[in-house]
$ cat coords26.txt   # compact mmCIF, C-alpha atoms and all ligand atoms
# COMPACT_ATOMS: atom_id res chain seq x y z
CA MET A 1 -1.46 3.86 37.23
CA PRO A 2 -3.60 5.24 34.37
CA SER A 3 -7.26 4.35 34.41
CA ALA A 4 -8.75 2.00 31.88
CA ASP A 5 -10.50 4.92 30.21
CA ASN A 6 -7.25 6.84 29.83
CA MET A 7 -5.56 3.76 28.44
CA LYS A 8 -8.32 3.36 25.89
CA GLN A 9 -7.91 6.99 24.87
CA ILE A 10 -4.15 6.53 24.46
CA PHE A 11 -4.66 3.40 22.34
CA SER A 12 -7.23 5.20 20.19
CA ILE A 13 -5.04 8.22 19.54
CA ALA A 14 -2.03 5.98 18.83
CA SER A 15 -4.01 3.92 16.33
CA LEU A 16 -5.34 7.10 14.70
CA VAL A 17 -1.78 8.37 14.18
CA ILE A 18 -0.63 4.99 12.82
CA LEU A 19 -3.65 4.75 10.50
CA PHE A 20 -2.89 8.23 9.20
CA LEU A 21 0.74 7.24 8.43
CA SER A 22 -0.49 4.04 6.82
CA LEU A 23 -2.91 6.03 4.64
CA GLY A 24 0.03 8.19 3.57
CA ALA A 25 2.10 5.12 2.68
CA ALA A 26 -0.75 3.55 0.67
CA GLY A 27 -1.46 6.85 -1.12
CA THR A 28 2.23 7.29 -1.98
CA SER A 29 2.36 3.76 -3.36
CA LEU A 30 -0.77 4.35 -5.45
CA GLY A 31 0.50 7.70 -6.77
CA PHE A 32 3.88 6.31 -7.83
CA LEU A 33 2.26 3.30 -9.52
CA GLN A 34 -0.11 5.50 -11.51
CA ALA A 35 2.65 7.92 -12.48
CA ASN A 36 5.03 5.18 -13.61
CA THR A 37 2.62 3.06 -15.63
CA ASN A 38 0.68 5.82 -17.41
CA ASN A 39 -2.25 4.90 -15.16
CA GLY A 40 -1.85 1.20 -15.88
CA ALA A 41 -1.85 1.59 -19.68
CA SER A 42 1.85 0.84 -20.08
CA CYS A 43 3.32 -1.80 -17.84
CA ARG A 44 6.92 -2.93 -17.60
CA PHE A 45 6.43 -5.50 -14.85
CA TYR A 46 7.26 -9.19 -15.41
CA ILE A 47 8.99 -8.61 -18.77
CA SER A 48 10.31 -11.94 -20.04
CA HIS A 49 13.32 -12.58 -22.24
CA SER A 50 11.23 -12.96 -25.40
CA GLN A 51 9.28 -9.78 -24.59
CA ALA A 52 12.47 -7.78 -24.06
CA MET A 53 13.75 -8.99 -27.44
CA ASN A 54 10.50 -8.10 -29.24
CA SER A 55 10.74 -4.60 -30.74
CA SER A 56 7.05 -4.46 -31.67
CA LEU A 57 5.89 -4.52 -28.04
CA VAL A 58 5.04 -1.16 -26.50
CA ASP A 59 2.79 -1.57 -23.47
CA TYR A 60 3.82 -5.01 -22.15
CA ASN A 61 1.95 -6.64 -19.25
CA VAL A 62 -0.92 -4.22 -18.73
CA PRO A 63 -3.17 -6.47 -16.54
CA THR A 64 -0.39 -6.72 -13.94
CA CYS A 65 -0.18 -2.96 -13.53
CA LYS A 66 -3.95 -2.61 -13.50
CA LEU A 67 -4.04 -5.21 -10.71
CA SER A 68 -1.40 -3.43 -8.64
CA ILE A 69 -3.11 -0.03 -9.08
CA ALA A 70 -6.54 -1.47 -8.24
CA SER A 71 -5.27 -3.16 -5.08
CA ALA A 72 -3.38 -0.04 -3.94
CA ALA A 73 -6.54 2.01 -4.60
CA ILE A 74 -8.78 -0.37 -2.62
CA ALA A 75 -6.31 -0.36 0.28
CA THR A 76 -6.14 3.46 0.20
CA ILE A 77 -9.94 3.73 0.29
CA CYS A 78 -10.18 1.23 3.18
CA LEU A 79 -7.52 3.16 5.11
CA ALA A 80 -9.20 6.51 4.41
CA LEU A 81 -12.46 5.14 5.81
CA LEU A 82 -10.73 3.59 8.84
CA THR A 83 -8.91 6.87 9.52
CA ALA A 84 -12.18 8.80 9.22
CA ILE A 85 -13.97 6.38 11.58
CA GLU A 86 -11.17 6.64 14.11
CA LEU A 87 -10.93 10.43 13.77
CA ILE A 88 -14.66 10.87 14.35
CA SER A 89 -14.55 8.42 17.22
CA VAL A 90 -11.64 10.22 18.94
CA SER A 91 -12.90 13.77 18.25
CA PHE A 92 -16.53 13.36 19.16
CA LYS A 93 -16.15 10.51 21.64
CA ILE A 94 -18.65 8.44 19.77
CA ASN A 95 -18.89 4.85 20.85
CA VAL A 96 -19.15 2.46 17.97
CA LYS A 97 -20.54 -0.62 19.60
CA THR A 98 -22.93 -2.33 17.24
CA LEU A 99 -21.85 -5.68 15.93
CA ILE A 100 -22.38 -4.67 12.32
CA ALA A 101 -20.19 -1.56 12.70
CA ASN A 102 -17.47 -3.68 14.24
CA ILE A 103 -17.63 -6.26 11.47
CA ILE A 104 -17.35 -3.49 8.85
CA GLN A 105 -14.36 -2.01 10.64
CA VAL A 106 -12.60 -5.39 10.85
CA GLY A 107 -13.41 -5.88 7.16
CA PHE A 108 -11.70 -2.59 6.26
CA PHE A 109 -8.64 -3.60 8.28
CA ILE A 110 -8.37 -6.99 6.61
CA GLY A 111 -9.00 -5.37 3.21
CA SER A 112 -6.24 -2.79 3.70
CA ILE A 113 -3.70 -5.35 4.89
CA LEU A 114 -4.55 -7.89 2.18
CA PHE A 115 -4.57 -5.43 -0.74
CA LEU A 116 -1.40 -3.64 0.39
CA PHE A 117 0.24 -7.06 0.61
CA ILE A 118 -0.90 -7.90 -2.94
CA THR A 119 0.47 -4.54 -4.16
CA MET A 120 3.80 -5.14 -2.47
CA VAL A 121 4.19 -8.66 -3.89
CA VAL A 122 3.06 -7.82 -7.46
CA VAL A 123 5.21 -4.68 -7.70
CA SER A 124 8.37 -6.12 -6.16
CA ALA A 125 8.17 -9.46 -7.98
CA GLY A 126 7.13 -7.79 -11.26
CA TRP A 127 9.91 -5.20 -11.25
CA GLY A 128 12.40 -7.79 -9.96
CA LYS A 129 11.58 -10.11 -12.86
CA THR A 130 12.00 -7.28 -15.39
CA CYS A 131 15.34 -6.22 -13.90
CA ALA A 132 16.58 -9.82 -13.86
CA THR A 133 15.61 -10.26 -17.53
CA TYR A 134 17.46 -7.12 -18.67
CA LYS A 135 20.46 -7.92 -16.52
CA ASN A 136 20.62 -11.39 -18.01
CA ILE A 137 20.53 -9.99 -21.54
CA THR A 138 23.15 -7.28 -21.05
CA SER A 139 25.47 -9.39 -18.90
CA SER A 140 25.57 -12.06 -21.61
CA GLY A 141 26.57 -9.37 -24.13
CA GLY A 142 23.17 -9.04 -25.78
CA THR A 143 21.09 -5.95 -26.53
CA PRO A 144 17.39 -5.80 -25.67
CA ARG A 145 15.25 -4.71 -28.60
CA SER A 146 12.81 -2.79 -26.47
CA PHE A 147 12.80 1.01 -26.62
CA PHE A 148 14.58 1.23 -23.28
CA ASN A 149 17.36 -0.81 -21.87
CA ILE A 150 15.60 -0.84 -18.48
CA GLU A 151 17.37 1.05 -15.71
CA CYS A 152 16.31 -0.66 -12.47
CA THR A 153 16.91 2.13 -10.00
CA GLY A 154 16.22 5.35 -11.91
CA PRO A 155 14.42 6.93 -14.87
CA GLN A 156 14.77 5.57 -18.41
CA PHE A 157 16.76 7.11 -21.25
CA PHE A 158 16.79 6.37 -24.94
CA ARG A 159 20.39 6.25 -26.08
CA GLY A 160 20.31 6.97 -29.79
CA GLU A 161 22.39 9.60 -31.52
CA LEU A 162 21.02 11.97 -28.95
CA LEU A 163 20.29 11.03 -25.38
CA ARG A 164 16.55 11.37 -24.90
CA GLY A 165 14.69 11.24 -21.65
CA PRO A 166 14.06 10.89 -18.81
CA TYR A 167 11.09 8.63 -19.40
CA GLN A 168 8.86 6.64 -17.07
CA PRO A 169 9.06 4.21 -15.39
CA ASN A 170 11.38 5.51 -12.72
CA GLY A 171 12.87 2.47 -10.95
CA THR A 172 13.40 4.37 -7.70
CA GLU A 173 9.73 5.32 -7.57
CA ILE A 174 8.60 1.76 -8.34
CA ILE A 175 10.80 0.39 -5.56
CA THR A 176 9.45 3.12 -3.25
CA ALA A 177 5.89 2.08 -4.17
CA ALA A 178 6.65 -1.52 -3.11
CA VAL A 179 8.39 -0.42 0.10
CA CYS A 180 5.49 1.91 1.00
CA ALA A 181 2.99 -0.91 0.45
CA GLY A 182 5.04 -3.17 2.75
CA PHE A 183 5.35 -0.41 5.34
CA GLY A 184 1.57 0.07 5.09
CA VAL A 185 1.02 -3.65 5.85
CA PHE A 186 3.23 -3.31 8.92
CA LEU A 187 1.57 -0.10 10.17
CA THR A 188 -2.01 -1.22 9.52
CA SER A 189 -1.36 -4.49 11.35
CA GLY A 190 -0.02 -2.40 14.25
CA ALA A 191 -3.12 -0.19 14.34
CA PHE A 192 -5.32 -3.29 14.18
CA SER A 193 -3.47 -4.86 17.13
CA LEU A 194 -3.79 -1.64 19.15
CA LEU A 195 -7.54 -1.44 18.63
CA PHE A 196 -7.80 -5.11 19.46
CA MET A 197 -5.81 -4.66 22.67
CA GLN A 198 -7.96 -1.67 23.53
CA GLN A 199 -10.89 -4.05 23.79
CA LEU A 200 -9.21 -5.71 26.76
CA PHE A 201 -10.04 -2.58 28.75
CA ARG A 202 -13.72 -2.98 28.03
CA VAL A 203 -14.27 -5.99 30.24
CA ARG A 204 -13.48 -4.11 33.44
CA PRO A 205 -16.39 -2.90 35.58
CA GLN A 206 -15.17 0.74 35.64
CA ASN A 207 -15.94 0.86 31.94
CA GLN A 208 -19.47 1.67 32.99
CA ARG A 209 -18.14 5.19 33.52
CA PHE A 210 -17.21 5.69 29.94
CA GLN A 211 -20.12 7.97 29.18
CA SER A 212 -18.55 10.75 31.28
CA ASP A 213 -15.25 10.92 29.41
CA GLY A 214 -16.26 8.40 27.07
CA HIS A 215 -14.45 7.58 23.94
CA GLU A 216 -14.75 4.01 22.98
CA ILE A 217 -14.58 2.24 19.69
CA ALA A 218 -15.31 -1.40 19.78
CA LEU A 219 -14.17 -4.41 17.86
CA LYS A 220 -16.20 -6.54 20.23
C1 LIG B 301 19.13 -15.38 -20.25
O1 LIG B 301 19.68 -15.08 -21.50
C2 LIG B 301 19.77 -16.21 -22.39
C3 LIG B 301 20.43 -15.77 -23.68
O2 LIG B 301 20.99 -14.51 -23.61
C4 LIG B 301 18.39 -16.76 -22.66
O3 LIG B 301 18.47 -17.91 -23.49
C5 LIG B 301 17.71 -17.12 -21.34
O4 LIG B 301 16.37 -17.53 -21.58
C6 LIG B 301 17.73 -15.93 -20.41
N1 LIG B 301 17.17 -16.32 -19.12
C7 LIG B 301 16.18 -15.63 -18.53
C8 LIG B 301 15.74 -16.14 -17.21
O5 LIG B 301 15.68 -14.64 -19.04
C1 LIG B 302 6.14 -9.66 -30.69
O1 LIG B 302 4.97 -9.08 -30.15
C2 LIG B 302 3.88 -9.06 -31.08
C3 LIG B 302 2.77 -8.26 -30.43
O2 LIG B 302 2.37 -8.83 -29.23
C4 LIG B 302 3.49 -10.48 -31.41
O3 LIG B 302 2.42 -10.46 -32.32
C5 LIG B 302 4.68 -11.21 -32.00
O4 LIG B 302 4.36 -12.56 -32.23
C6 LIG B 302 5.89 -11.10 -31.08
N1 LIG B 302 7.06 -11.64 -31.74
C7 LIG B 302 7.82 -12.60 -31.20
C8 LIG B 302 8.97 -13.03 -31.99
O5 LIG B 302 7.56 -13.11 -30.11
$ encode --input "coords26.txt" --output "structure tokens"
Amino acid sequence: MPSADNMKQIFSIASLVILFLSLGAAGTSLGFLQANTNNGASCRFYISHSQAMNSSLVDYNVPTCKLSIASAAIATICLALLTAIELISVSFKINVKTLIANIIQVGFFIGSILFLFITMVVVSAGWGKTCATYKNITSSGGTPRSFFNIECTGPQFFRGELLRGPYQPNGTEIITAAVCAGFGVFLTSGAFSLLFMQQLFRVRPQNQRFQSDGHEIALK
């Protein structure tokens, strides 16, 4: 049976790998959101029927995109810091044991999970609402008066005399951004649980030996 110290090391390395994947998912989500909203300046989330029929609208619901980009950015920063903390802790076998360090680490975990969740909900509900609006208009025989007749699962084209495009937003990338945010919530929760479970190995007496081979990162 593996020793408590070995188990702790396994849990730490596993959570480092999961945090790294989670950082990748959050970064992908952030990148796609920025690319498909002109950095939040042009937002086609939550487009209503009257907005789709209004030809003088160009940028639509900008605050919604700014919110989703800000929350993906905060989550990415939290995850980058958590990954760095865990990487340093695993590489140099530094024991983070002070209460304040542990509270900060838990704060970053909760921040990542919460803000990735917000990103997932805003992006999926916002794009879903837009798609439903356009589907409603076209399926009842109408024509939206916006520049694009929104394509939910791909890039946009302007169908005039000449076909022009592709334009942003790309529906596939927006859906990917929402899926990555959701995957990030799942992964980050997993890493959090692993580091929490790791603490169970701290209560054993043989943990006194940890200085010799000693990696330990505490959420105590
Ligand atoms: C669906 O389309 C009809 C008319 O085409 C419109 O009156 C109605 O508000 C639309 N519903 C939604 C949810 O957009
Ligand atoms: C269309 O959008 C413009 C700009 O926001 C607004 O001033 C106007 O009232 C809208 N028109 C309709 C019919 O809703």
$ axis_aligned_box --input "coords26.txt" --around "ligand LIG 301 (chain B)" --padding-each-side "6 Å" --output "lines of an AutoDock Vina configuration file"
center_x = 18.3
center_y = -16.2
center_z = -20.4
size_x = 17.3
size_y = 15.4
size_z = 18.5
$ closest_residue --input "coords26.txt" --among "A:Phe108, A:Trp127, A:Phe117, A:Phe158" --to "Gly182 (chain A)" --atoms "all atoms listed in the file"
A:Phe117
$ residues_around --input "coords26.txt" --residues "region 191-202 of chain A" --least-positions-apart "4" --cutoff "6 Å" --atoms "all atoms listed in the file" --output "PyMOL selection string"
chain A and resi 4+8+15+18+207
$ closest_atom_pairs --input "coords26.txt" --of "chain A" --to "ligand LIG 301 (chain B)" --cutoff "12 Å" --atoms "only C-alpha atoms and all ligand atoms" --output "JSON lines"
{"residue": "A:Tyr46", "atom": "CA", "partner": "B:LIG301", "partner_atom": "O5", "distance": 10.7}
{"residue": "A:Ile47", "atom": "CA", "partner": "B:LIG301", "partner_atom": "O5", "distance": 9.0}
{"residue": "A:Ser48", "atom": "CA", "partner": "B:LIG301", "partner_atom": "O5", "distance": 6.1}
{"residue": "A:His49", "atom": "CA", "partner": "B:LIG301", "partner_atom": "O5", "distance": 4.5}
{"residue": "A:Ser50", "atom": "CA", "partner": "B:LIG301", "partner_atom": "O4", "distance": 7.9}
{"residue": "A:Gln51", "atom": "CA", "partner": "B:LIG301", "partner_atom": "O5", "distance": 9.8}
{"residue": "A:Ala52", "atom": "CA", "partner": "B:LIG301", "partner_atom": "O5", "distance": 9.1}
{"residue": "A:Met53", "atom": "CA", "partner": "B:LIG301", "partner_atom": "O2", "distance": 9.9}
{"residue": "A:Gly128", "atom": "CA", "partner": "B:LIG301", "partner_atom": "C8", "distance": 11.6}
{"residue": "A:Lys129", "atom": "CA", "partner": "B:LIG301", "partner_atom": "C8", "distance": 8.5}
{"residue": "A:Thr130", "atom": "CA", "partner": "B:LIG301", "partner_atom": "O5", "distance": 9.0}
{"residue": "A:Cys131", "atom": "CA", "partner": "B:LIG301", "partner_atom": "O5", "distance": 9.9}
{"residue": "A:Ala132", "atom": "CA", "partner": "B:LIG301", "partner_atom": "O5", "distance": 7.1}
{"residue": "A:Thr133", "atom": "CA", "partner": "B:LIG301", "partner_atom": "O5", "distance": 4.6}
{"residue": "A:Tyr134", "atom": "CA", "partner": "B:LIG301", "partner_atom": "O5", "distance": 7.7}
{"residue": "A:Lys135", "atom": "CA", "partner": "B:LIG301", "partner_atom": "C1", "distance": 8.4}
{"residue": "A:Asn136", "atom": "CA", "partner": "B:LIG301", "partner_atom": "C1", "distance": 4.8}
{"residue": "A:Ile137", "atom": "CA", "partner": "B:LIG301", "partner_atom": "O2", "distance": 5.0}
{"residue": "A:Thr138", "atom": "CA", "partner": "B:LIG301", "partner_atom": "O2", "distance": 8.0}
{"residue": "A:Ser139", "atom": "CA", "partner": "B:LIG301", "partner_atom": "O2", "distance": 8.3}
{"residue": "A:Ser140", "atom": "CA", "partner": "B:LIG301", "partner_atom": "O2", "distance": 5.6}
{"residue": "A:Gly141", "atom": "CA", "partner": "B:LIG301", "partner_atom": "O2", "distance": 7.6}
{"residue": "A:Gly142", "atom": "CA", "partner": "B:LIG301", "partner_atom": "O2", "distance": 6.3}
{"residue": "A:Thr143", "atom": "CA", "partner": "B:LIG301", "partner_atom": "O2", "distance": 9.0}
{"residue": "A:Pro144", "atom": "CA", "partner": "B:LIG301", "partner_atom": "O2", "distance": 9.6}
$ write_last_selection --input "coords26.txt" --atoms "C-alpha atoms" --output "PDB file, in the frame of the given file"
ATOM      1  CA  TYR A  46       7.260  -9.190 -15.410  1.00  0.00           C
ATOM      2  CA  ILE A  47       8.990  -8.610 -18.770  1.00  0.00           C
ATOM      3  CA  SER A  48      10.310 -11.940 -20.040  1.00  0.00           C
ATOM      4  CA  HIS A  49      13.320 -12.580 -22.240  1.00  0.00           C
ATOM      5  CA  SER A  50      11.230 -12.960 -25.400  1.00  0.00           C
ATOM      6  CA  GLN A  51       9.280  -9.780 -24.590  1.00  0.00           C
ATOM      7  CA  ALA A  52      12.470  -7.780 -24.060  1.00  0.00           C
ATOM      8  CA  MET A  53      13.750  -8.990 -27.440  1.00  0.00           C
ATOM      9  CA  GLY A 128      12.400  -7.790  -9.960  1.00  0.00           C
ATOM     10  CA  LYS A 129      11.580 -10.110 -12.860  1.00  0.00           C
ATOM     11  CA  THR A 130      12.000  -7.280 -15.390  1.00  0.00           C
ATOM     12  CA  CYS A 131      15.340  -6.220 -13.900  1.00  0.00           C
ATOM     13  CA  ALA A 132      16.580  -9.820 -13.860  1.00  0.00           C
ATOM     14  CA  THR A 133      15.610 -10.260 -17.530  1.00  0.00           C
ATOM     15  CA  TYR A 134      17.460  -7.120 -18.670  1.00  0.00           C
ATOM     16  CA  LYS A 135      20.460  -7.920 -16.520  1.00  0.00           C
ATOM     17  CA  ASN A 136      20.620 -11.390 -18.010  1.00  0.00           C
ATOM     18  CA  ILE A 137      20.530  -9.990 -21.540  1.00  0.00           C
ATOM     19  CA  THR A 138      23.150  -7.280 -21.050  1.00  0.00           C
ATOM     20  CA  SER A 139      25.470  -9.390 -18.900  1.00  0.00           C
ATOM     21  CA  SER A 140      25.570 -12.060 -21.610  1.00  0.00           C
ATOM     22  CA  GLY A 141      26.570  -9.370 -24.130  1.00  0.00           C
ATOM     23  CA  GLY A 142      23.170  -9.040 -25.780  1.00  0.00           C
ATOM     24  CA  THR A 143      21.090  -5.950 -26.530  1.00  0.00           C
ATOM     25  CA  PRO A 144      17.390  -5.800 -25.670  1.00  0.00           C
TER      26      PRO A 144
END
$ closest_residue --input "coords26.txt" --among "A:Leu57, A:Leu187, A:Val62, A:Ala177" --to "Met120 (chain A)" --atoms "all atoms listed in the file"
A:Ala177
$ closest_atom_pairs --input "coords26.txt" --of "region 54-156 of chain A" --to "region 35-39 of chain A" --cutoff "12 Å" --atoms "all atoms listed in the file" --output "JSON lines"
{"residue": "A:Val58", "atom": "CA", "partner": "A:Thr37", "partner_atom": "CA", "distance": 11.9}
{"residue": "A:Asp59", "atom": "CA", "partner": "A:Thr37", "partner_atom": "CA", "distance": 9.1}
{"residue": "A:Tyr60", "atom": "CA", "partner": "A:Thr37", "partner_atom": "CA", "distance": 10.4}
{"residue": "A:Asn61", "atom": "CA", "partner": "A:Thr37", "partner_atom": "CA", "distance": 10.4}
{"residue": "A:Val62", "atom": "CA", "partner": "A:Thr37", "partner_atom": "CA", "distance": 8.7}
{"residue": "A:Pro63", "atom": "CA", "partner": "A:Thr37", "partner_atom": "CA", "distance": 11.2}
{"residue": "A:Thr64", "atom": "CA", "partner": "A:Thr37", "partner_atom": "CA", "distance": 10.4}
{"residue": "A:Cys65", "atom": "CA", "partner": "A:Thr37", "partner_atom": "CA", "distance": 7.0}
{"residue": "A:Lys66", "atom": "CA", "partner": "A:Asn39", "partner_atom": "CA", "distance": 7.9}
{"residue": "A:Leu67", "atom": "CA", "partner": "A:Asn39", "partner_atom": "CA", "distance": 11.2}
{"residue": "A:Ser68", "atom": "CA", "partner": "A:Thr37", "partner_atom": "CA", "distance": 10.4}
{"residue": "A:Ile69", "atom": "CA", "partner": "A:Asn39", "partner_atom": "CA", "distance": 7.9}
{"residue": "A:Ala70", "atom": "CA", "partner": "A:Asn39", "partner_atom": "CA", "distance": 10.3}
{"residue": "A:Ala73", "atom": "CA", "partner": "A:Asn39", "partner_atom": "CA", "distance": 11.8}
{"residue": "A:Val123", "atom": "CA", "partner": "A:Thr37", "partner_atom": "CA", "distance": 11.4}
{"residue": "A:Trp127", "atom": "CA", "partner": "A:Asn36", "partner_atom": "CA", "distance": 11.7}
{"residue": "A:Gly154", "atom": "CA", "partner": "A:Asn36", "partner_atom": "CA", "distance": 11.3}
{"residue": "A:Pro155", "atom": "CA", "partner": "A:Asn36", "partner_atom": "CA", "distance": 9.6}
{"residue": "A:Gln156", "atom": "CA", "partner": "A:Asn36", "partner_atom": "CA", "distance": 10.9}
$ atom_distance --input "coords26.txt" --atom1 "CA of Gln9 (chain A)" --atom2 "CA of Thr83 (chain A)"
15.4 Å
$ residues_around --input "coords26.txt" --residues "region 109-112 of chain A" --least-positions-apart "5" --cutoff "10 Å" --atoms "only C-alpha atoms" --output "list of chain:residue names"
A:Leu19, A:Ser22, A:Leu23, A:Ala26, A:Ser71, A:Ala72, A:Ala73, A:Ile74, A:Ala75, A:Thr76, A:Ile77, A:Cys78, A:Leu79, A:Ala80, A:Leu81, A:Leu82, A:Ile103, A:Ile104, A:Phe117, A:Ile118, A:Ala181, A:Gly184, A:Val185, A:Thr188, A:Ser189, A:Ala191, A:Phe192
$ atom_distance --input "coords26.txt" --atom1 "CA of Met7 (chain A)" --atom2 "CA of Gln105 (chain A)"
20.7 Å
$ atom_distance --input "coords26.txt" --atom1 "CA of Arg44 (chain A)" --atom2 "CA of Pro169 (chain A)"
7.8 Å
$ closest_residue --input "coords26.txt" --among "A:Gln168, A:Ile10, A:Arg145, A:Ile175" --to "ligand LIG 302 (chain B)" --atoms "all atoms listed in the file"
A:Arg145
$ closest_residue --input "coords26.txt" --among "A:Asn54, A:Asn149, A:Thr119, A:Gln34" --to "ligand LIG 302 (chain B)" --atoms "only C-alpha atoms and all ligand atoms"
A:Asn54
